[in-house]
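Okay, run_31.cif now, which holds mmCIF, C-alpha atoms:
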data_my_file
loop_
_atom_site.label_atom_id
_atom_site.label_comp_id
_atom_site.auth_asym_id
_atom_site.auth_seq_id
_atom_site.Cartn_x
_atom_site.Cartn_y
_atom_site.Cartn_z
CA MET A 1 0.00 0.00 0.00
CA ARG A 2 1.51 3.31 -1.06
CA PRO A 3 1.26 6.26 1.36
CA HIS A 4 -0.94 9.16 0.34
CA THR A 5 1.09 12.16 -0.81
CA THR A 6 0.05 15.56 -2.00
CA PRO A 7 1.43 16.71 -5.39
CA GLY A 8 4.39 19.00 -4.89
CA ARG A 9 5.05 17.83 -1.32
CA HIS A 10 7.00 15.08 0.42
CA TRP A 11 5.30 12.39 2.50
CA ASP A 12 5.78 14.46 5.69
CA GLY A 13 4.01 17.48 4.18
CA SER A 14 7.11 19.56 3.47
CA PRO A 15 7.45 21.20 0.02
CA SER A 16 9.32 19.08 -2.52
CA HIS A 17 10.72 22.12 -4.32
CA ARG A 18 12.32 24.97 -2.41
CA PRO A 19 13.08 27.78 -4.85
CA ARG A 20 15.93 29.97 -3.68
CA ARG A 21 14.55 33.43 -3.27
CA SER A 22 15.34 36.34 -1.02
CA LEU A 23 12.66 37.02 1.59
CA GLN A 24 12.17 40.63 2.57
CA VAL A 25 9.86 42.49 4.90
CA ALA A 26 7.67 45.11 3.26
CA ALA A 27 8.30 48.64 4.46
CA HIS A 28 4.61 49.11 5.35
CA SER A 29 4.38 45.81 7.28
CA PRO A 30 3.45 46.24 10.96
CA SER A 31 5.50 43.14 11.81
CA ARG A 32 9.17 42.31 11.29
CA LEU A 33 8.40 38.59 11.09
CA LEU A 34 9.25 36.78 7.87
CA ARG A 35 6.66 34.38 6.49
CA ALA A 36 9.23 31.60 6.73
CA GLY A 37 9.35 32.13 10.49
CA GLN A 38 5.69 31.23 10.94
CA THR A 39 6.03 27.56 10.05
CA GLY A 40 6.96 24.79 12.44
CA ARG A 41 6.12 21.28 13.61
CA CYS A 42 3.75 20.13 16.31
CA ARG A 43 5.60 19.05 19.44
CA SER A 44 3.16 16.19 19.97
CA CYS A 45 2.83 14.61 16.51
CA GLY A 46 5.58 16.22 14.41
CA ASN A 47 3.29 17.36 11.57
CA ARG A 48 3.75 20.76 9.96
CA ILE A 49 1.82 23.74 11.34
CA ASP A 50 1.50 27.44 10.56
CA TRP A 51 1.74 29.93 13.42
CA HIS A 52 -0.40 33.05 13.29
CA GLN A 53 -1.30 35.73 15.77
CA ARG A 54 -4.87 36.22 16.90
CA THR A 55 -6.55 39.53 17.60
CA ASP A 56 -5.54 39.23 21.28
CA HIS A 57 -1.86 38.88 20.22
CA ARG A 58 -1.72 35.22 21.26
CA PRO A 59 -0.34 32.66 18.78
CA ILE A 60 -2.40 29.85 17.30
CA ALA A 61 -1.22 26.85 15.29
CA LEU A 62 -3.29 26.29 12.15
CA HIS A 63 -3.27 23.39 9.71
CA PRO A 64 -1.14 24.45 6.68
CA ALA A 65 -3.82 23.75 4.09
CA GLU A 66 -7.33 25.13 3.68
CA VAL A 67 -10.29 22.81 4.07
CA ALA A 68 -13.85 23.03 2.81
CA THR A 69 -15.97 25.15 5.13
CA ILE A 70 -18.90 22.75 4.89
CA ASP A 71 -16.77 19.97 6.46
CA VAL A 72 -15.64 22.05 9.45
CA PRO A 73 -17.78 22.74 12.53
CA GLU A 74 -18.47 26.41 13.17
CA ALA A 75 -16.44 26.38 16.40
CA CYS A 76 -13.32 25.27 14.47
CA ARG A 77 -13.51 27.69 11.53
CA TRP A 78 -10.77 30.33 11.22
CA HIS A 79 -9.73 32.69 8.47
CA LEU A 80 -6.78 35.00 7.88
CA SER A 81 -7.02 38.70 7.20
CA GLY A 82 -3.85 40.77 7.00
CA GLY A 83 -1.89 37.96 8.61
CA ILE A 84 -4.19 37.91 11.68
CA ALA A 85 -6.25 34.81 12.50
CA HIS A 86 -9.94 35.38 13.24
CA PRO A 87 -12.14 32.72 14.90
CA HIS A 88 -14.82 32.44 12.21
CA ASP A 89 -15.11 31.92 8.48
CA ASP A 90 -15.08 34.74 5.93
CA GLY A 91 -18.10 33.56 3.97
CA SER A 92 -16.12 31.71 1.33
CA GLY A 93 -16.13 27.99 0.67
CA TRP A 94 -12.75 27.47 2.34
CA CYS A 95 -11.39 28.10 5.83
CA ARG A 96 -8.51 27.23 8.11
CA ILE A 97 -8.72 24.86 11.04
CA PRO A 98 -6.62 24.69 14.25
CA HIS A 99 -4.09 21.90 14.21
CA ALA A 100 -5.21 20.86 17.71
CA ALA A 101 -8.58 19.85 16.23
CA LEU A 102 -6.78 17.49 13.82
CA CYS A 103 -3.77 16.41 15.88
CA PRO A 104 -3.65 12.59 16.15
CA ARG A 105 -2.33 12.90 19.70
CA PRO A 106 -4.77 13.60 22.57
CA THR A 107 -5.41 17.31 23.12
CA THR A 108 -7.78 19.45 25.17
CA HIS A 109 -9.16 21.07 22.02
CA PRO A 110 -12.54 19.77 20.78
CA ARG A 111 -12.11 17.14 18.07
CA ALA A 112 -13.26 18.00 14.56
CA THR A 113 -15.62 15.27 13.31
CA GLY A 114 -16.80 14.36 9.86
CA PRO A 115 -15.62 11.73 7.36
CA ARG A 116 -13.19 14.02 5.52
CA LEU A 117 -11.66 15.43 8.69
CA VAL A 118 -11.35 11.96 10.20
CA ALA A 119 -9.57 10.82 7.03
CA LEU A 120 -7.27 13.84 7.23
CA ARG A 121 -6.47 13.07 10.88
CA ARG A 122 -5.70 9.47 9.87
CA ARG A 123 -3.20 10.70 7.26
CA LEU A 124 -1.55 12.92 9.87
CA ALA A 125 -1.29 9.92 12.20
CA VAL A 126 0.44 7.91 9.46
CA ARG A 127 2.93 10.74 8.88
CA SER A 128 3.55 11.04 12.61
CA ARG A 129 4.25 7.31 12.91
CA ARG A 130 6.66 7.40 9.97
CA LEU A 131 8.51 10.38 11.48
CA ILE A 132 8.87 8.50 14.76
CA ASP A 133 9.93 5.24 13.10
CA THR A 134 12.61 6.95 10.99
CA GLY A 135 13.97 8.85 13.98
CA THR A 136 13.14 12.22 12.44
CA PHE A 137 10.83 13.20 15.25
CA THR A 138 10.57 12.39 18.95
CA PRO A 139 7.36 13.34 20.79
CA ALA A 140 7.85 15.90 23.52
CA PRO A 141 7.62 14.24 26.95
CA ALA A 142 5.16 15.52 29.50
CA THR A 143 6.85 18.16 31.63
CA THR A 144 5.98 19.34 35.08
CA LEU A 145 6.71 22.65 36.69
CA PRO A 146 9.76 22.54 38.95
CA ASN A 147 9.69 23.45 42.60
CA THR A 148 9.46 27.24 42.70
CA ASP A 149 11.35 27.33 46.01
CA ARG A 150 14.52 26.00 44.38
CA SER A 151 14.44 27.06 40.74
CA ARG A 152 13.25 29.87 38.56
CA PRO A 153 9.82 29.68 36.89
CA VAL A 154 9.72 27.83 33.59
CA ARG A 155 7.33 30.45 32.20
CA PRO A 156 8.10 33.70 34.04
CA VAL A 157 5.90 36.75 34.35
CA VAL A 158 7.83 39.77 33.05
CA ARG A 159 6.90 43.40 33.51
CA ILE A 160 7.78 45.58 30.52
CA LEU A 161 6.58 49.18 30.13
CA LEU A 162 4.05 48.72 32.95
CA THR A 163 2.53 45.70 31.16
CA HIS A 164 2.72 42.11 32.39
CA TYR A 165 3.69 39.42 29.89
CA LEU A 166 4.05 35.67 30.20
CA GLY A 167 7.22 34.22 28.70
CA GLU A 168 7.53 30.88 26.95
CA ARG A 169 10.82 29.90 28.59
CA PRO A 170 13.07 30.97 31.52
CA VAL A 171 14.46 34.49 31.34
CA GLU A 172 18.01 33.26 30.76
CA ASP A 173 16.93 31.12 27.77
CA ILE A 174 14.98 33.75 25.81
CA ARG A 175 16.78 34.11 22.47
CA CYS A 176 16.95 36.90 19.96
CA LEU A 177 14.48 36.67 17.08
CA ALA A 178 16.57 38.41 14.42
CA GLN A 179 17.84 36.83 11.24
CA THR A 180 21.62 36.72 10.83
CA ARG A 181 23.54 37.27 7.61
CA ARG A 182 23.60 33.50 7.07
CA ARG A 183 19.79 33.50 7.23
CA HIS A 184 19.71 31.66 10.53
CA ARG A 185 18.17 32.75 13.80
CA CYS A 186 20.47 34.58 16.17
CA THR A 187 21.70 32.42 19.04
CA GLN A 188 22.38 35.28 21.45
CA PRO A 189 20.15 35.68 24.54
CA ILE A 190 18.46 39.00 25.15
CA LEU A 191 19.77 38.98 28.73
CA ASP A 192 23.11 40.74 28.33
CA PRO A 193 25.51 40.72 31.34
CA ALA A 194 26.96 44.02 30.09
CA HIS A 195 23.59 45.76 30.45
CA PRO A 196 21.43 46.29 33.53
CA ALA A 197 19.14 43.38 34.24
CA GLY A 198 15.70 43.11 35.76
CA ARG A 199 14.94 42.16 39.32
CA TRP A 200 12.53 39.70 40.85
CA THR A 201 9.83 41.22 42.98
CA LEU A 202 6.39 40.41 44.35
CA LEU A 203 3.54 42.42 42.81
CA PRO A 204 -0.21 42.17 43.36
CA VAL A 205 -2.23 40.13 40.89
CA GLN A 206 -4.26 42.54 38.80
CA PRO A 207 -7.33 41.57 36.72
CA HIS A 208 -7.12 41.53 32.95
CA ARG A 209 -9.09 44.04 30.91
CA GLY A 210 -12.80 43.31 31.22
CA GLN A 211 -12.41 40.93 34.18
CA LEU A 212 -13.85 41.31 37.65
CA ALA A 213 -11.64 42.08 40.61
CA LEU A 214 -9.53 39.08 41.65
CA PRO A 215 -8.91 37.91 45.22
CA GLY A 216 -5.95 39.57 46.86
CA GLY A 217 -2.62 37.90 46.23
CA SER A 218 0.93 38.43 44.99
CA MET A 219 2.93 36.93 42.15
CA ALA A 220 6.63 36.75 41.38
CA VAL A 221 7.47 39.14 38.53
CA TYR A 222 10.73 39.79 36.69
CA ASP A 223 10.46 43.57 36.74
CA LEU A 224 12.13 45.62 33.98
CA ASN A 225 10.29 48.85 34.68
CA HIS A 226 13.33 50.49 36.29
CA LEU A 227 15.41 50.08 33.10
CA PRO A 228 15.70 52.85 30.47
CA TYR A 229 12.90 53.13 27.95
CA ALA A 230 15.11 51.97 25.06
CA GLU A 231 16.19 48.91 27.02
CA GLN A 232 12.58 47.93 27.72
CA LEU A 233 11.77 48.30 24.04
CA ARG A 234 14.65 45.94 23.26
CA TRP A 235 13.22 43.32 25.61
CA ARG A 236 9.71 43.64 24.22
CA ALA A 237 11.04 43.34 20.64
CA GLN A 238 13.11 40.34 21.84
CA ARG A 239 16.34 41.56 20.27
CA CYS A 240 19.91 41.14 21.44
CA THR A 241 22.10 44.22 21.78
CA THR A 242 23.74 43.55 18.41
CA HIS A 243 20.52 43.34 16.39
CA THR A 244 18.91 46.23 18.23
CA ALA A 245 21.31 48.43 16.30
CA ALA A 246 20.29 46.67 13.05
CA PRO A 247 16.55 47.35 12.68
CA ALA A 248 16.57 46.12 9.07
CA ALA A 249 17.09 42.53 10.23
CA ALA A 250 13.83 40.60 10.05
CA ASP A 251 12.48 38.22 12.70
CA LEU A 252 12.55 34.47 12.19
CA ALA A 253 10.12 33.46 14.96
CA LEU A 254 7.15 34.72 16.90
CA ALA A 255 7.89 36.63 20.08
CA ASP A 256 7.71 34.64 23.30
CA TRP A 257 5.57 37.24 25.03
CA GLN A 258 1.88 36.77 25.72
CA PRO A 259 -0.23 39.38 27.53
CA LEU A 260 -0.76 37.98 31.00
CA ASP A 261 -4.27 36.78 31.81
CA PRO A 262 -4.38 35.91 35.55
CA LEU A 263 -7.31 33.53 35.05
CA LEU A 264 -6.02 31.79 31.94
CA HIS A 265 -2.41 31.60 33.17
CA ALA A 266 -3.13 30.88 36.83
CA ALA A 267 -1.00 27.71 36.76
CA HIS A 268 2.10 29.78 35.92
CA LEU A 269 1.74 32.35 38.72
CA HIS A 270 4.23 31.86 41.54
CA THR A 271 3.70 33.33 44.98
CA ARG A 272 7.34 33.13 46.10
CA LEU A 273 10.47 34.70 44.73
CA PRO A 274 12.86 32.25 43.09
CA HIS A 275 15.85 31.46 45.25
CA PRO A 276 19.35 31.38 43.78
CA ALA A 277 20.88 27.98 43.17
CA PRO A 278 22.79 26.62 46.20
CA PRO A 279 26.58 26.93 45.95
CA GLN A 280 28.37 23.85 44.70
CA PRO A 281 30.87 22.23 47.08
CA HIS A 282 34.49 23.00 46.31
CA ARG A 283 36.40 20.13 44.76
CA ARG A 284 40.09 19.73 45.25
#
Let me see the structure of the file written as structure tokens.
Amino acid sequence: MRPHTTPGRHWDGSPSHRPRRSLQVAAHSPSRLLRAGQTGRCRSCGNRIDWHQRTDHRPIALHPAEVATIDVPEACRWHLSGGIAHPHDDGSGWCRIPHAALCPRPTTHPRATGPRLVALRRRLAVRSRRLIDTGTFTPAPATTLPNTDRSRPVRPVVRILLTHYLGERPVEDIRCLAQTRRRHRCTQPILDPAHPAGRWTLLPVQPHRGQLALPGGSMAVYDLNHLPYAEQLRWRAQRCTTHTAAPAAADLALADWQPLDPLLHAAHLHTRLPHPAPPQPHRR
């Protein structure tokens, strides 16, 4: 039995022909992100996904191809307008669908039903199994949050320009988004020892816009509000000190920042300041 393949693509969904062309960011574009930086692979199944920002500035992973609107439930219909993903169809016969609704691995997102969508999920499962069998992809293991008394938060809350954001990774591991001259992503962290750093502090939990008042409480925040305005802009743009001076360099990934929602991100709020790592015993 031959695997199902789409014309012009490999069995794993990647394009079979990659024309060499120079990607540039339009001068009138509100984003510095290249279109090539919006593609990726699902951490659970390894299939290709397209990342797009929603109207609330949060990212969403969409299936790379359009599907017939009539086959997609209304709750799973999305469309793109100006590069922004909107949670409804645009009245045409085609729409986009979240990858979580098609992912062959268990997810919390409602499953998309229907014979054509079930067949599409089955093809994604076959691709995922082939990626695992060939060693090309390894499913991400389930991770748990470390003890906040002994280590820093995995997803820290950062205060930039009086706004709270939730990071995708520890502060020390946040990398620059800029494209280098070799067309690779910069490997430098945005935390520069030669520049003033933020400080951990306890701040009250404030409700998000449109939410009711929350019960009193404090959360650990990596505060950058005391830094100069230009330095805070550098952190929000997620640029290292080298690429801050090169604004023409485009971004190759979505920013790690998400506007903090205390109700949605309650599991990532820490009530104690992270303690420094204990000193290692001296070895002779």
Could you work out how far atom CA of Ile84 of chain A lies from atom CA of Thr107 of chain A, giving the answer in Å with one decimal?
->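 Distance between the two atoms: 23.6 Å.
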Atom pair atom CA of Arg234 of chain A + atom CA of Ala197 of chain A, distance 12.1 Å
Evaluate the PyMOL selection byres ((chain A and resi 100) around 10) on the structure here and hand back the selected residues as a PyMOL selection string.
-> chain A and resi 42+44+49+60-63+76+97-99+101-112
Atom CA of Arg169 of chain A to atom CA of Pro153 of chain A: how many Å, to one decimal?
->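 Result for atom CA of Arg169 of chain A versus atom CA of Pro153 of chain A: 8.4 Å, one decimal.
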Best match for closeness to Arg43 of chain A among A:Ala267, A:Ala249, A:Pro139, A:Gln206, counting all atoms listed in the file |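 Nearest to Arg43 of chain A: A:Pro139.
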Test item: the PyMOL selection byres ((chain A and resi 177) around 7) resolved as a PyMOL selection string = chain A and resi 175-176+178-179+185-186+238-239+251-253
